[in-house]
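Participant: One structure, as structure tokens, below. Some questions next.
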2 protein chains.
Amino acid sequence: MRKKTTIGLIQIRVSENRKKNLENSIRKIKEAANKKAKIICLPELFLSPYFCQTENHSKFKLAEKIPGPITSIYSNLAKKLSIILIISLFEKKTSGFYHNTSIVIDEKGKIISKYRKMHIPDDPGYYEKFYFTPGDLGFKSINTKHGKIGSLVCWDQWFPEAARLTALKGAEILFYPTAIGWHPKEKKKFGNSQLDAWITMQKSHAIANGVFVAAINRVGLEKVRNRKIQFWGNSMIIDPNGNIVKQTKSNKEETLICDIDFKKVETARQHWPFLRDRRIDYYKGLLKNPEDA
Amino acid sequence: MRKKTTIGLIQIRVSENRKKNLENSIRKIKEAANKKAKIICLPELFLSPYFCQTENHSKFKLAEKIPGPITSIYSNLAKKLSIILIISLFEKKTSGFYHNTSIVIDEKGKIISKYRKMHIPDDPGYYEKFYFTPGDLGFKSINTKHGKIGSLVCWDQWFPEAARLTALKGAEILFYPTAIGWHPKEKKKFGNSQLDAWITMQKSHAIANGVFVAAINRVGLEKVRNRKIQFWGNSMIIDPNGNIVKQTKSNKEETLICDIDFKKVETARQHWPFLRDRRIDYYKGLLKNPEDA
């Protein structure tokens with residue numbers, strides 16, 4: 001059992017130039033690996049501006065096959081650097097089926113886990129239900145050379161069920177590739193409350209499950225026609241007691257390198273033994289919607 | 001449908017004198033009602049010092065029948081003041097079966113809901129598994145004249161499942177009668193982190209479910225032989241966006257009176273539509289423990 005590892009979270013700004021985004025990610029992955037990061041994660045859909053700001057059929061052409069040319073690039077990189085890579089991609093599964101997918105590539109360059117975002121948002125400026133079929137693979141944990149990890153994606157971070165299920169499957173670090181930000185017009189009135197709610201939810205998953213949580217967001221103002229999102233950064237690593245160990249600022253590219261001591265998972269679970277006391281005999285209502293509950 | 005209400009949370013210090021605790025609670029309930037509170041909640045097991053600090057068979061004599069002489073007192077009071085009362089009691093169900101129970105009494109003095117604490121802790125100084133059989137009534141929401149409410153109890157507040165199930169049943173305010181504090185020896189090293197984790201979890205329930213959360217704790221240092229707990233107060237009301245609306249200090253008796261606008265529940269759920277997107281088709285693992293999941 002791996003006792004310690006080092007993770008790297010790469011908070012980036014995304015441009016309209018896909019090739020530049022790819023090159024930027026590769027450069028920063030190499031830098032993080034040079035700083036001894038063994039599990040490296042990038043934000044949600046980091047190869048493109050956040051195209052879900054509008055419903056635009058032409059954007060479906062951005063979707064990738066998995067495995068495919070893009071995953072080959074990252075597989076080769078993971079192998080070369082001998083690291084675990086978590087990569088978020090717009091996946092074309094088959095005709096008419098597109099997913100918001102996160103893959104885990106191991107240090108030999110093999111894709112060892114694929115997760116398709118289970119909870120799909122649809123909010124003004126976040127029109128994801130137009131693009132993505134809800135995930136059909138369930139929740140995933142994967143035992144890597146550098147630790148047991150699970151990847152969820154963005155909107156999943158608001159659902160205690162997603163964190164719980166991934167932790168119950170064994171993950172000791174939950175990674176959340178993310179693309180979340182402020183609508184500039186709302187920022188003054190609701191900005192602090194929105195950011196605080198987002199941080200609160202990630203902390204709650206760490207506490208409730210006794211796991212590390214790593215949330216990795218993009219930064220920068222992105223405009224699509226009259227839509228704008230100011231991505232709020234604040235990528236962070238939270239320990240199993242809910243303490244934020246490292247956190248980026250909201251306005252610039254930054255890579256967090258953070259040592260993880262897996263002993264803290266078991267220590268937290270002995271001192272806050274919530275998993276012990278779950279009432280699985282009375283949780284059936286969780287499988288229902290309100291009118292049925 | 002009730003659109004607004006006012007709630008009262010009574011943070012108290014508990015003495016060895018049961019009669020005084022009873023009288024203190026009655027006096028403070030009357031004061032809160034005079035300040036227009038319509039739903040009033042007291043801390044967990046407020047009639048006694050927190051006897052679970054040790055395992056002591058003689059403490060079983062503190063248990064009450066429900067209904068019984070003590071509930072009659074509060075029923076009469078609720079009727080007289082025309083309020084909803086949430087009262088936490090050590091319940092004797094039948095020979096050998098004791099529960100940590102919370103009841104809701106309506107404005108006519110009738111007990112309209114009974115909840116038996118579902119998640120029972122057992123930690124040094126919190127030996128509840130010795131006293132209390134885990135609850136056998138499931139999670140509850142009750143439609144009162146002054147709003148749809150649910151009561152959970154203390155340790156339940158660490159379980160997203162408990163909050164979710166109570167909210168799915170319709171509760172728009174979750175009340176948590178509580179008895180939680182610091183072990184004085186740990187306070188310097190872990191105190192801030194423990195309190196922050198506790199607050200984080202209550203906020204997360206409000207956010208994830210789009211409900212109000214009201215946590216009501218006791219204060220004061222209580223000693224039982226060589227055991228000590230410094231109850232940390234910090235009773236609070238949180239709105240459906242996760243903002244703390246009112247909060248007490250950690251070191252003195254204090255009653256919070258807080259107006260509740262139920263419209264905020266629906267507004268939060270329209271703006272953060274998490275309930276819409278739950279994946280009940282993939283949540284079966286929540287009914288399992290890790291080795292089975």
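Going through the structure tokens in order, the chains are called A, B, and so on, while each chain numbers its residues from 1 and the ligands are numbered from 1 in the order shown.
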With 7 Å as the limit and counting only C-alpha atoms, what residues in chain A lie close to chain B? Please list them as an NGL selection string.
Facilitator: :A and (119-120 or 138 or 158-160 or 165 or 168-169 or 193 or 197 or 200-201 or 204 or 207-208 or 242-243 or 277-280 or 282-288 or 290 or 293)
Participant: Please return as a ChimeraX atom specification: the residues of range 94-249 of chain B that backbone DSSP assigns to alpha helix (DSSP H).
Facilitator: /B:128-131,160-168,184-209
Participant: Find, counting only C-alpha atoms, the residue in A:Leu77, A:Ile12, A:Cys52, A:Ile83 that gets nearest to Tyr127 in chain A.
Facilitator: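 Looking at the shortest contact to Tyr127 in chain A, the residue is A:Cys52.
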Participant: Choose the residue, out of A:Leu47, A:Ile10, A:Leu22, A:Ile87, that has the smallest atom-to-atom separation from Asn234 in chain A; count only C-alpha atoms.
Facilitator: A:Ile10
Participant: Which one of A:Phe60, A:Tyr126, A:Trp232, A:Phe212 sits closest to Ile244 in chain A if you count only C-alpha atoms?
Facilitator: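 Selected residue with least distance to Ile244 in chain A: A:Phe212.
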Participant: Report the residues of range 77-151 of chain A whose backbone DSSP state falls under strand (DSSP E), written as an NGL selection string.
Facilitator: :A and (84-94 or 97-105 or 111-116 or 142-144 or 147-151)
Participant: Using the selection just defined, write its residues with C-alpha atoms as a JSON list (two decimals), in the first residue's frame.
Facilitator:
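File written: part38.json
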[["chain", "number", "residue", "atom", "x", "y", "z"],
["A", 84, "ILE", "CA", -0.53, 9.35, -13.26],
["A", 85, "LEU", "CA", -2.49, 11.84, -15.38],
["A", 86, "ILE", "CA", -6.14, 12.84, -14.99],
["A", 87, "ILE", "CA", -7.45, 14.38, -18.19],
["A", 88, "SER", "CA", -10.91, 15.81, -18.87],
["A", 89, "LEU", "CA", -12.21, 15.49, -22.42],
["A", 90, "PHE", "CA", -15.29, 16.07, -24.54],
["A", 91, "GLU", "CA", -15.91, 12.49, -25.64],
["A", 92, "LYS", "CA", -17.75, 11.24, -28.67],
["A", 93, "LYS", "CA", -18.97, 7.80, -27.68],
["A", 94, "THR", "CA", -20.95, 7.07, -30.83],
["A", 97, "PHE", "CA", -23.89, 10.25, -27.76],
["A", 98, "TYR", "CA", -21.43, 12.75, -26.32],
["A", 99, "HIS", "CA", -20.05, 12.77, -22.79],
["A", 100, "ASN", "CA", -18.09, 14.98, -20.44],
["A", 101, "THR", "CA", -15.43, 12.45, -19.57],
["A", 102, "SER", "CA", -12.46, 12.17, -17.25],
["A", 103, "ILE", "CA", -9.80, 9.54, -17.78],
["A", 104, "VAL", "CA", -6.96, 8.28, -15.62],
["A", 105, "ILE", "CA", -3.75, 7.35, -17.44],
["A", 111, "ILE", "CA", -5.94, 4.43, -19.73],
["A", 112, "ILE", "CA", -6.94, 2.62, -16.53],
["A", 113, "SER", "CA", -10.20, 4.35, -15.71],
["A", 114, "LYS", "CA", -12.86, 6.25, -17.58],
["A", 115, "TYR", "CA", -15.56, 8.25, -15.83],
["A", 116, "ARG", "CA", -18.42, 9.95, -17.62],
["A", 142, "ILE", "CA", -8.99, 3.16, -9.31],
["A", 143, "ASN", "CA", -5.98, 1.76, -7.54],
["A", 144, "THR", "CA", -2.91, 3.36, -9.09],
["A", 147, "GLY", "CA", -2.67, 5.83, -4.51],
["A", 148, "LYS", "CA", -6.35, 4.99, -4.74],
["A", 149, "ILE", "CA", -8.09, 7.82, -6.51],
["A", 150, "GLY", "CA", -11.41, 8.74, -8.00],
["A", 151, "SER", "CA", -12.26, 11.43, -10.49]]
Participant: Which value, in Å to one decimal, gives the distance between CA of Glu266 in chain B and CA of Leu174 in chain B?
Facilitator: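 For CA of Glu266 in chain B relative to CA of Leu174 in chain B, the distance reads 15.3 Å.
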